[in-house]
file input.txt (compact mmCIF, C-alpha atoms)
# COMPACT_ATOMS: atom_id res chain seq x y z
CA MET A 1221 -25.04 4.82 3.68
CA THR A 1222 -22.00 4.15 5.85
CA GLU A 1223 -18.58 3.27 4.39
CA ILE A 1224 -18.73 -0.28 5.72
CA LEU A 1225 -22.19 -0.98 4.31
CA ALA A 1226 -21.21 0.49 0.93
CA VAL A 1227 -18.10 -1.68 0.70
CA ALA A 1228 -20.03 -4.79 1.74
CA VAL A 1229 -22.86 -4.33 -0.75
CA ILE A 1230 -20.69 -3.34 -3.71
CA THR A 1231 -18.17 -6.12 -3.06
CA VAL A 1232 -20.69 -8.93 -2.66
CA LEU A 1233 -22.65 -7.95 -5.76
CA ALA A 1234 -19.55 -7.41 -7.92
CA VAL A 1235 -18.04 -10.73 -6.84
CA ILE A 1236 -21.21 -12.70 -7.64
CA ALA A 1237 -21.54 -11.16 -11.13
CA PRO A 1238 -19.92 -13.60 -13.64
CA GLY A 1239 -16.58 -12.68 -15.19
CA ALA A 1240 -13.14 -14.09 -16.00
CA ASP A 1241 -12.57 -15.37 -12.45
CA PHE A 1242 -15.93 -17.14 -12.48
CA ALA A 1243 -15.26 -18.84 -15.83
CA MET A 1244 -11.79 -19.98 -14.72
CA VAL A 1245 -12.99 -21.47 -11.41
CA VAL A 1246 -15.93 -23.13 -13.18
CA ARG A 1247 -13.58 -24.75 -15.70
CA ASN A 1248 -11.10 -26.00 -13.08
CA SER A 1249 -13.86 -27.37 -10.87
CA TYR A 1250 -15.73 -29.03 -13.73
CA LEU A 1251 -12.65 -30.67 -15.25
CA HIS A 1252 -10.47 -31.37 -12.22
CA GLY A 1253 -12.74 -31.52 -9.19
CA ARG A 1254 -13.49 -29.59 -6.03
CA ARG A 1255 -9.93 -29.39 -4.65
CA THR A 1256 -8.52 -27.82 -7.81
CA GLY A 1257 -11.43 -25.37 -7.95
CA VAL A 1258 -10.92 -24.30 -4.33
CA LEU A 1259 -7.20 -23.78 -4.94
CA ALA A 1260 -8.03 -21.60 -7.95
CA ALA A 1261 -10.45 -19.63 -5.73
CA THR A 1262 -7.64 -19.12 -3.21
CA GLY A 1263 -5.44 -17.77 -6.00
CA VAL A 1264 -8.19 -15.32 -6.99
CA ALA A 1265 -8.43 -14.06 -3.40
CA ALA A 1266 -4.66 -13.55 -3.28
CA GLY A 1267 -4.81 -11.60 -6.54
CA VAL A 1268 -7.40 -9.24 -5.05
CA LEU A 1269 -4.91 -8.27 -2.34
CA VAL A 1270 -2.49 -7.08 -5.02
CA HIS A 1271 -5.16 -4.76 -6.46
CA VAL A 1272 -6.06 -3.52 -2.98
CA THR A 1273 -2.45 -2.70 -2.11
CA TYR A 1274 -1.71 -0.45 -5.08
CA THR A 1275 -5.20 1.08 -4.90
CA MET A 1276 -4.74 2.08 -1.26
CA LEU A 1277 -1.43 3.73 -2.08
CA GLY A 1278 -2.83 5.50 -5.15
CA VAL A 1279 -6.05 6.74 -3.54
CA GLY A 1280 -4.07 7.95 -0.54
CA LEU A 1281 -1.77 9.98 -2.78
CA LEU A 1282 -4.72 11.47 -4.67
CA ILE A 1283 -6.42 12.57 -1.46
CA ALA A 1284 -3.22 14.17 -0.23
CA SER A 1285 -2.26 15.87 -3.51
CA SER A 1286 -5.42 16.87 -5.36
CA THR A 1287 -9.02 17.03 -4.19
CA PHE A 1288 -10.11 17.78 -7.76
CA LEU A 1289 -8.47 14.66 -9.23
CA PHE A 1290 -9.85 12.53 -6.42
CA THR A 1291 -13.35 13.86 -7.16
CA ILE A 1292 -12.92 12.99 -10.85
CA ILE A 1293 -11.84 9.44 -9.96
CA LYS A 1294 -14.83 9.19 -7.62
CA LEU A 1295 -17.26 10.17 -10.39
CA VAL A 1296 -15.62 7.83 -12.90
CA GLY A 1297 -15.88 5.03 -10.34
CA ALA A 1298 -19.57 5.71 -9.84
CA ALA A 1299 -20.09 5.69 -13.62
CA TYR A 1300 -18.29 2.34 -13.82
CA LEU A 1301 -20.63 0.85 -11.21
CA VAL A 1302 -23.61 1.98 -13.30
CA TYR A 1303 -21.98 0.49 -16.41
CA ILE A 1304 -21.33 -2.95 -14.93
CA GLY A 1305 -24.79 -2.87 -13.36
CA VAL A 1306 -26.42 -2.37 -16.78
CA ARG A 1307 -24.15 -4.99 -18.37
CA THR A 1308 -24.94 -7.51 -15.66
CA PHE A 1309 -28.69 -6.86 -15.88
CA ARG A 1310 -28.63 -7.48 -19.64
CA ALA A 1311 -26.46 -10.63 -19.41
CA ARG A 1312 -28.17 -13.83 -20.42
CA GLY A 1313 -26.69 -15.77 -17.52
CA GLU A 1314 -24.74 -18.11 -19.76
CA VAL A 1315 -21.06 -18.54 -18.94
CA GLU A 1316 -18.68 -19.28 -21.81
CA VAL A 1317 -16.18 -21.83 -20.55
CA ASP A 1318 -13.70 -23.92 -22.55
CA LEU A 1319 -14.41 -27.47 -21.42
CA GLU A 1320 -12.76 -29.18 -24.39
CA THR A 1321 -9.07 -28.84 -23.56
CA ARG A 1322 -8.21 -30.90 -20.52
CA SER A 1323 -4.79 -30.93 -18.91
CA ASP A 1324 -3.79 -32.11 -15.45
CA LEU A 1325 -3.08 -29.31 -12.99
CA THR A 1326 -0.78 -29.55 -9.98
CA PRO A 1327 -1.93 -27.74 -6.81
CA LEU A 1328 0.57 -24.95 -7.51
CA GLN A 1329 -0.66 -24.57 -11.10
CA ALA A 1330 -4.29 -24.39 -9.91
CA LEU A 1331 -3.35 -21.69 -7.38
CA ARG A 1332 -1.37 -19.80 -10.00
CA SER A 1333 -4.18 -19.94 -12.56
CA GLY A 1334 -6.53 -18.22 -10.12
CA PHE A 1335 -3.94 -15.64 -9.10
CA LEU A 1336 -2.93 -14.66 -12.64
CA THR A 1337 -6.50 -14.58 -13.93
CA ASN A 1338 -7.41 -12.06 -11.24
CA VAL A 1339 -4.22 -9.97 -11.21
CA LEU A 1340 -4.26 -9.54 -15.01
CA ASN A 1341 -8.00 -8.75 -15.13
CA PRO A 1342 -8.56 -5.00 -15.74
CA LYS A 1343 -12.16 -5.34 -14.54
CA THR A 1344 -10.90 -6.21 -11.05
CA THR A 1345 -8.67 -3.14 -11.14
CA LEU A 1346 -11.65 -0.93 -11.97
CA PHE A 1347 -13.83 -2.60 -9.35
CA VAL A 1348 -11.32 -2.13 -6.51
CA VAL A 1349 -10.37 1.42 -7.53
CA SER A 1350 -14.01 2.53 -7.99
CA THR A 1351 -15.06 1.02 -4.66
CA PHE A 1352 -12.22 2.66 -2.72
CA ALA A 1353 -12.85 5.98 -4.46
CA GLN A 1354 -16.47 5.91 -3.27
CA VAL A 1355 -15.88 5.04 0.38
CA VAL A 1356 -12.41 6.27 1.36
CA SER A 1357 -12.11 9.83 2.62
CA PRO A 1358 -9.30 11.87 4.19
CA GLY A 1359 -10.64 10.81 7.58
CA THR A 1360 -10.72 7.07 6.88
CA PRO A 1361 -8.13 5.34 9.11
CA VAL A 1362 -5.58 3.10 7.39
CA TYR A 1363 -6.61 0.12 9.52
CA ARG A 1364 -10.17 0.44 8.21
CA GLN A 1365 -8.93 0.60 4.62
CA VAL A 1366 -6.92 -2.57 5.24
CA GLY A 1367 -10.08 -4.14 6.67
CA TYR A 1368 -11.97 -3.25 3.49
CA GLY A 1369 -9.27 -4.90 1.41
CA LEU A 1370 -9.26 -8.06 3.50
CA PHE A 1371 -13.05 -8.22 3.27
CA MET A 1372 -12.87 -7.98 -0.54
CA SER A 1373 -10.34 -10.82 -0.64
CA LEU A 1374 -12.35 -12.99 1.78
CA ALA A 1375 -15.56 -12.39 -0.19
CA HIS A 1376 -13.83 -13.64 -3.34
CA LEU A 1377 -12.50 -16.71 -1.52
CA LEU A 1378 -15.88 -17.65 -0.05
CA TRP A 1379 -17.91 -17.07 -3.21
CA PHE A 1380 -15.55 -18.87 -5.56
CA GLY A 1381 -15.15 -21.64 -3.01
CA VAL A 1382 -18.94 -22.12 -3.26
CA VAL A 1383 -18.67 -22.03 -7.07
CA ALA A 1384 -16.01 -24.76 -6.92
CA VAL A 1385 -18.25 -26.97 -4.78
CA PHE A 1386 -21.30 -26.49 -7.01
CA PHE A 1387 -19.57 -26.98 -10.34
CA SER A 1388 -17.82 -30.16 -9.26
CA HIS A 1389 -21.27 -31.82 -9.11
CA ASP A 1390 -23.62 -32.08 -12.12
CA ARG A 1391 -26.93 -31.56 -10.29
CA MET A 1392 -25.67 -28.63 -8.19
CA ARG A 1393 -24.07 -27.05 -11.27
CA THR A 1394 -27.42 -27.01 -13.11
CA LEU A 1395 -29.15 -25.48 -10.09
CA MET A 1396 -26.59 -22.71 -9.82
CA LEU A 1397 -26.74 -21.81 -13.50
CA ARG A 1398 -30.52 -21.48 -13.33
CA GLY A 1399 -30.26 -19.18 -10.33
CA GLN A 1400 -27.59 -17.07 -12.02
CA LYS A 1401 -30.05 -15.68 -14.58
CA ILE A 1402 -32.26 -14.26 -11.82
CA LEU A 1403 -29.25 -13.05 -9.84
CA ASN A 1404 -27.99 -11.07 -12.83
CA LYS A 1405 -31.19 -8.99 -12.90
CA VAL A 1406 -31.06 -8.26 -9.18
CA ILE A 1407 -27.31 -7.59 -9.07
CA GLY A 1408 -27.42 -5.34 -12.13
CA SER A 1409 -30.29 -3.24 -10.78
CA VAL A 1410 -28.68 -2.71 -7.36
CA LEU A 1411 -25.21 -1.92 -8.73
CA ALA A 1412 -26.59 0.65 -11.18
CA GLY A 1413 -28.68 2.21 -8.43
CA LEU A 1414 -25.67 2.36 -6.10
CA GLY A 1415 -23.56 3.99 -8.79
CA ILE A 1416 -26.16 6.71 -9.37
CA SER A 1417 -26.70 7.39 -5.66
CA LEU A 1418 -22.96 7.53 -4.93
CA ALA A 1419 -22.36 9.90 -7.84
CA PHE A 1420 -24.80 12.43 -6.35
CA ALA A 1421 -23.85 11.84 -2.72
CA PRO A 1422 -22.06 14.76 -1.00
CA SER A 1423 -18.29 14.42 -0.60
CA HIS A 1424 -16.91 13.44 2.78
call {"tool": "encode", "arguments": {"input": "input.txt", "output": "structure tokens"}}
result
Amino acid sequence: MTEILAVAVITVLAVIAPGADFAMVVRNSYLHGRRTGVLAATGVAAGVLVHVTYTMLGVGLLIASSTFLFTIIKLVGAAYLVYIGVRTFRARGEVEVDLETRSDLTPLQALRSGFLTNVLNPKTTLFVVSTFAQVVSPGTPVYRQVGYGLFMSLAHLLWFGVVAVFFSHDRMRTLMLRGQKILNKVIGSVLAGLGISLAFAPSH
């Protein structure tokens, strides 16, 4: 499996799996409409870039300073992928969202809600770090690493933009929730399988 394919598959599956970002965008879209949901999605995508920046710096230092520590991080990252794969597979597909408390959001507040939800989410930290640990090697050019980070951010923007559109309409929202239950099984199986295969793959 090439670096690019690994990043693409892991990113897409991890983004689609429901979490804090999903619940927040669902709530904003349901209560305040499509525009507010899309702005929240934009904030999420911006938050991902923060995680990517410090991860690139940290992984780069690990590669340069200690091959042993980098290998440990790589194995922990693979184990995390297996863990979230199993958790996703077992999820019921129901998203817990607070739809009782309604307060008007300005465009800036909607953007900020998405940004803070993502930046303060430790699961996003683990996702970005584990993904980079699997695919980045001493020979990976910096421009390619930047490309991986931009792809992760764009994937979040596109997916949560779709979520905002669906959850701002009753009929589309019902359709998406039904499909989520099936998606969880598929996503969980593939993520767990990827984690296992990457753990046993030879180092670069």
call {"tool": "closest_residue", "arguments": {"input": "input.txt", "among": "A:Val1348, A:Ala1330, A:Leu1301, A:Leu1325", "to": "Ser1373 in chain A", "atoms": "all atoms listed in the file"}}
result
A:Val1348
call {"tool": "closest_residue", "arguments": {"input": "input.txt", "among": "A:Gly1415, A:Gly1334, A:Pro1342, A:Gly1359", "to": "Arg1247 in chain A", "atoms": "all atoms listed in the file"}}
result
A:Gly1334
call {"tool": "residues_around", "arguments": {"input": "input.txt", "residues": "Gly1257 in chain A", "least_positions_apart": "3", "cutoff": "9 Å", "atoms": "only C-alpha atoms", "output": "CSV table (one decimal) with C-alpha atoms, keeping the file's coordinate frame"}}
result
chain,number,residue,atom,x,y,z
A,1244,MET,CA,-11.8,-20.0,-14.7
A,1245,VAL,CA,-13.0,-21.5,-11.4
A,1246,VAL,CA,-15.9,-23.1,-13.2
A,1247,ARG,CA,-13.6,-24.8,-15.7
A,1248,ASN,CA,-11.1,-26.0,-13.1
A,1249,SER,CA,-13.9,-27.4,-10.9
A,1250,TYR,CA,-15.7,-29.0,-13.7
A,1252,HIS,CA,-10.5,-31.4,-12.2
A,1253,GLY,CA,-12.7,-31.5,-9.2
A,1254,ARG,CA,-13.5,-29.6,-6.0
A,1260,ALA,CA,-8.0,-21.6,-8.0
A,1261,ALA,CA,-10.4,-19.6,-5.7
A,1262,THR,CA,-7.6,-19.1,-3.2
A,1330,ALA,CA,-4.3,-24.4,-9.9
A,1331,LEU,CA,-3.4,-21.7,-7.4
A,1334,GLY,CA,-6.5,-18.2,-10.1
A,1380,PHE,CA,-15.6,-18.9,-5.6
A,1381,GLY,CA,-15.2,-21.6,-3.0
A,1383,VAL,CA,-18.7,-22.0,-7.1
A,1384,ALA,CA,-16.0,-24.8,-6.9
A,1385,VAL,CA,-18.2,-27.0,-4.8
A,1387,PHE,CA,-19.6,-27.0,-10.3
A,1388,SER,CA,-17.8,-30.2,-9.3
call {"tool": "atom_distance", "arguments": {"input": "input.txt", "atom1": "CA of Leu1282 in chain A", "atom2": "CA of Ile1224 in chain A"}}
result
21.0 Å
call {"tool": "residues_around", "arguments": {"input": "input.txt", "residues": "Thr1308 in chain A", "least_positions_apart": "6", "cutoff": "10 Å", "atoms": "all atoms listed in the file", "output": "PyMOL selection string"}}
result
chain A and resi 1234+1237-1239+1302+1401+1403-1409+1411-1412
call {"tool": "closest_residue", "arguments": {"input": "input.txt", "among": "A:Thr1360, A:Thr1337, A:Gln1365, A:Ser1350", "to": "Gly1267 in chain A", "atoms": "only C-alpha atoms"}}
result
A:Thr1337
call {"tool": "atom_distance", "arguments": {"input": "input.txt", "atom1": "CA of Thr1326 in chain A", "atom2": "CA of Ala1240 in chain A"}}
result
20.7 Å
call {"tool": "atom_distance", "arguments": {"input": "input.txt", "atom1": "CA of Ala1243 in chain A", "atom2": "CA of Phe1352 in chain A"}}
result
25.4 Å
call {"tool": "closest_residue", "arguments": {"input": "input.txt", "among": "A:Ser1357, A:Ser1286, A:Thr1394, A:Thr1256", "to": "Ser1333 in chain A", "atoms": "all atoms listed in the file"}}
result
A:Thr1256
call {"tool": "closest_residue", "arguments": {"input": "input.txt", "among": "A:Leu1233, A:Thr1287, A:Val1349, A:His1271", "to": "Phe1309 in chain A", "atoms": "all atoms listed in the file"}}
result
A:Leu1233
call {"tool": "closest_residue", "arguments": {"input": "input.txt", "among": "A:Val1355, A:Asp1390, A:Phe1420, A:Ala1375", "to": "Glu1223 in chain A", "atoms": "all atoms listed in the file"}}
result
A:Val1355
call {"tool": "residues_around", "arguments": {"input": "input.txt", "residues": "Val1232 in chain A", "least_positions_apart": "4", "cutoff": "9 Å", "atoms": "all atoms listed in the file", "output": "JSON, numbers by chain"}}
result
{"A": [1227, 1228, 1236, 1237, 1372, 1375, 1376, 1379]}
